[in-house]
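Enquirer: Structure provided below as C-alpha cells; questions to follow.
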Amino acid sequence: MSHQRPVVNAPARGPAQDPAQRPVSRGARRAGRRRRPDWDEYYMGIAMAIRERANCEGSRVGALLVRDNRILTTGYNGTPQGAANCDEGGCERCADRERYRSGEAYDLCICVHAEQNALLTAARFGIPVEGAVMYTTLAPCFGCSKELLQAKVWAVRYLHEWSPAQDVARPELRKIHARFPRGVKVVDLEDPRAEWAVPWLATGADE
C-alpha cells in the first residue's frame, strides 16, 4: 500500500502577476528617494539658519563648531551682549555706511564676528574645540582665522567668499588659511537669502 505525503497550503496556479502590481523592492524605493544632504551641506544649512539672528548692517553671518559630527557651539555676528544692536545704532561703522568706505575702518566696528562668538561661547562654558571644524556662511577674515588657528580648529568650511579690499593683503590671508590641517574649503550650496545676507557681493564691493 503506497503512502503519499499530503500537500499543505499549495499555492493556486493562475495567470502570471502583472509586474506593475508587484511590490516595489527596497532598492527601487531607495533609488526614487530625495537625496540626503552630505555632512557639509547639512551643517552649512544649520549655519544659514543661525545667521537669521544676525542684524549687522553690513553682512549677516552664521557659524558653528562641529567635532565628531556633533555641534559644539554656534554664533552669529552682532554687537556685544548688552549693547545696542546694529540696527539700533550700536555700531558707528555700521550706522554710517556712507562715511566709512567699504573694506575700511574695521577698528571702529564693535560687532563680534560669528566665528568669534562660536569660539567665545566654547571658552565661556569650558567646551574643548581642538580638532573641530568651523562652518561659517562667510569665509573668515584675518582676525577670525588667527583665532581659529590658535584654538587648534582643524578645518574651515564656508559658503561665500570674503577677501580683503587691499590686493596686497589677499596673499597673506591665503597663507593663514593654508595653515589649517584640513584646509579651508567652500561648500557648494544654493543660498536663497544671499542678497539679504551678503548684499555687497551682488555689487562687487567689499564688506
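By convention in this document, the chains of the C-alpha cells carry letters A, B, ... by their order, each chain's residues are numbered from 1, and ligands are numbered from 1 in the order they are shown.
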So which residues touch Met48 in chain A within 10 Å, counting only C-alpha atoms, skipping near sequence neighbours fewer than 2 positions away, as a ChimeraX atom specification?
Expert: /A:43-46,50-53,60-63,76,135-137,159,191-194,197
Enquirer: CA of Arg179 in chain A and CA of Phe125 in chain A, how far apart in Å?
Expert: 26.8 Å
Enquirer: For CA of Cys109 in chain A and CA of Trp154 in chain A, quote the distance in Å rounded to one decimal.
Expert: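 Between these atoms lies a distance of 27.7 Å.
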Enquirer: Just want the 12 Å neighbourhood of Lys175 in chain A, counted on only C-alpha atoms, with same-chain residues fewer than 3 positions away dropped. Output as a VMD selection string.
Expert: chain A and resid 142 145 to 146 169 to 172 178 to 180 183 to 184
Enquirer: Write out as a VMD selection string which residues come within 12 Å of Arg70 in chain A when counting only C-alpha atoms, dropping same-chain ones fewer than 6 positions away.
Expert: chain A and resid 39 42 to 43 64 129 132 to 134
Enquirer: May I have all residues of range 38-71 of chain A that DSSP, computed from the backbone, assigns to strand (DSSP E), given as a list in words?
Expert: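 Across range 38-71 of chain A, those assigned strand (DSSP E) are Gly62, Ala63, Leu64, Leu65, Val66, Arg67, Arg70 and Ile71 of chain A.
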Enquirer: Do a neighbour search on Gly143 in chain A at 12 Å with only C-alpha atoms, toss out local chain neighbours closer than 6 positions, and write the hits as a list in words.
Expert: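 Contacts, with the query itself left out: Tyr106, Asp107, Val112, His113, Ala114, Glu115, Gln116, Leu149, Gln150, Pro164, Leu173, Ile176 and His177 of chain A.
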Enquirer: What does the structure give for the distance between CA of Val66 in chain A and CA of Gly78 in chain A, in Å to one decimal?
Expert: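 Going from CA of Val66 in chain A over to CA of Gly78 in chain A, I get 21.3 Å.
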Enquirer: For Val187 in chain A, which residue among A:Cys91, A:Ala84, A:Ile71, A:Ala139 is the nearest when counting only C-alpha atoms?
Expert: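 Ranked by minimum distance to Val187 in chain A, first place goes to A:Ala139.
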Enquirer: Name the residues in contact with Cys111 in chain A at a cut-off of 9 Å, using only C-alpha atoms, excluding same-chain residues fewer than 6 positions from it; report them as a short mmCIF file (atom, residue, chain, number, x, y, z; two decimals) with all heavy atoms, in the first residue's frame.
Expert:
```
data_model
loop_
_atom_site.label_atom_id
_atom_site.label_comp_id
_atom_site.auth_asym_id
_atom_site.auth_seq_id
_atom_site.Cartn_x
_atom_site.Cartn_y
_atom_site.Cartn_z
N CYS A 56 23.51 92.71 11.74
CA CYS A 56 24.55 93.63 11.29
C CYS A 56 24.09 94.31 10.00
O CYS A 56 23.46 93.68 9.15
CB CYS A 56 25.86 92.87 11.06
SG CYS A 56 27.20 93.91 10.44
N ASN A 77 26.93 87.08 13.97
CA ASN A 77 27.60 88.36 14.20
C ASN A 77 26.64 89.42 14.72
O ASN A 77 25.46 89.46 14.37
CB ASN A 77 28.30 88.84 12.92
CG ASN A 77 27.36 89.06 11.76
OD1 ASN A 77 26.40 88.32 11.57
ND2 ASN A 77 27.63 90.09 10.97
N GLY A 78 27.18 90.26 15.58
CA GLY A 78 26.40 91.34 16.17
C GLY A 78 27.18 92.02 17.27
O GLY A 78 28.31 91.64 17.59
N THR A 79 26.60 93.06 17.85
CA THR A 79 27.26 93.82 18.90
C THR A 79 27.40 92.98 20.18
O THR A 79 26.69 91.98 20.34
CB THR A 79 26.47 95.10 19.20
OG1 THR A 79 25.12 94.74 19.51
CG2 THR A 79 26.48 96.04 18.01
N PRO A 80 28.31 93.35 21.07
CA PRO A 80 28.48 92.59 22.31
C PRO A 80 27.19 92.51 23.12
O PRO A 80 26.32 93.38 23.02
CB PRO A 80 29.57 93.37 23.07
CG PRO A 80 30.31 94.10 22.00
CD PRO A 80 29.30 94.45 20.96
N ASN A 85 21.94 97.01 19.37
CA ASN A 85 22.19 96.28 18.13
C ASN A 85 22.56 97.23 17.00
O ASN A 85 22.37 98.45 17.09
CB ASN A 85 20.95 95.47 17.73
CG ASN A 85 20.69 94.32 18.67
OD1 ASN A 85 21.60 93.60 19.05
ND2 ASN A 85 19.43 94.15 19.06
N CYS A 86 23.09 96.64 15.93
CA CYS A 86 23.49 97.45 14.77
C CYS A 86 22.32 98.26 14.22
O CYS A 86 22.47 99.44 13.90
CB CYS A 86 24.04 96.55 13.67
SG CYS A 86 25.79 96.16 13.85
N GLY A 90 24.00 100.79 17.34
CA GLY A 90 25.01 100.35 18.29
C GLY A 90 26.43 100.39 17.76
O GLY A 90 27.38 100.53 18.53
N CYS A 91 26.60 100.25 16.45
CA CYS A 91 27.94 100.23 15.85
C CYS A 91 28.09 101.45 14.95
O CYS A 91 27.32 101.63 14.00
CB CYS A 91 28.15 98.94 15.06
SG CYS A 91 29.74 98.86 14.21
N CYS A 94 28.75 100.58 11.20
CA CYS A 94 27.57 100.05 10.52
C CYS A 94 26.47 101.10 10.39
O CYS A 94 25.69 101.08 9.43
CB CYS A 94 27.03 98.84 11.28
SG CYS A 94 28.11 97.38 11.19
#
```
Enquirer: Would you mind telling me which residue in A:Glu195, A:Asp87, A:Asp68, A:Asp188 lies nearest to Arg157 in chain A when using only C-alpha atoms?
Expert: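 That would be A:Asp188, the residue with the smallest distance to Arg157 in chain A.
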Enquirer: Just list the residues in range 35-192 of chain A DSSP gives alpha helix (DSSP H) on the backbone, as a VMD selection string.
Expert: chain A and resid 39 to 50 92 to 95 114 to 124 142 to 150 170 to 177
Enquirer: Based on the selection just made, write C-alpha atoms of those residues as a CSV table (one decimal), in the first residue's frame.
Expert:
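Dumped everything to out.csv:
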```csv
chain,number,residue,atom,x,y,z
A,39,TRP,CA,27.5,66.4,6.2
A,40,ASP,CA,29.0,69.6,4.8
A,41,GLU,CA,25.6,70.6,3.3
A,42,TYR,CA,23.8,69.6,6.5
A,43,TYR,CA,25.9,71.8,8.8
A,44,MET,CA,26.0,74.7,6.4
A,45,GLY,CA,22.2,74.6,6.2
A,46,ILE,CA,22.3,75.0,10.0
A,47,ALA,CA,24.7,77.9,9.8
A,48,MET,CA,22.3,79.6,7.3
A,49,ALA,CA,19.5,79.2,9.9
A,50,ILE,CA,21.7,80.6,12.7
A,92,GLU,CA,29.3,103.5,14.5
A,93,ARG,CA,30.7,101.9,11.3
A,94,CYS,CA,27.6,100.0,10.5
A,95,ALA,CA,25.4,103.0,11.3
A,114,ALA,CA,30.0,84.9,14.1
A,115,GLU,CA,33.2,82.7,14.3
A,116,GLN,CA,34.4,84.7,17.3
A,117,ASN,CA,31.1,84.2,19.1
A,118,ALA,CA,31.2,80.5,18.5
A,119,LEU,CA,34.8,80.3,19.9
A,120,LEU,CA,33.9,82.6,22.9
A,121,THR,CA,30.9,80.6,23.8
A,122,ALA,CA,33.1,77.5,23.9
A,123,ALA,CA,35.6,79.3,26.1
A,124,ARG,CA,32.8,80.6,28.4
A,142,PHE,CA,42.3,87.7,9.3
A,143,GLY,CA,41.3,88.0,12.9
A,144,CYS,CA,38.9,85.1,12.9
A,145,SER,CA,41.3,82.9,11.0
A,146,LYS,CA,44.1,83.6,13.5
A,147,GLU,CA,41.9,82.9,16.5
A,148,LEU,CA,40.6,79.6,15.0
A,149,LEU,CA,44.2,78.5,14.3
A,150,GLN,CA,45.2,79.4,17.9
A,170,ARG,CA,45.0,88.7,-0.1
A,171,PRO,CA,48.1,86.5,-0.5
A,172,GLU,CA,48.7,86.9,3.3
A,173,LEU,CA,45.2,85.7,4.1
A,174,ARG,CA,45.7,82.7,1.8
A,175,LYS,CA,48.9,81.9,3.8
A,176,ILE,CA,47.0,81.9,7.0
A,177,HIS,CA,44.3,79.7,5.6
```
Enquirer: Can you pull out the residues contacting Gly58 in chain A? Cut-off 8 Å, using only C-alpha atoms, and skip same-chain residues under 5 positions away; I want them as a PyMOL selection string.
Expert: chain A and resi 94+198-200+207
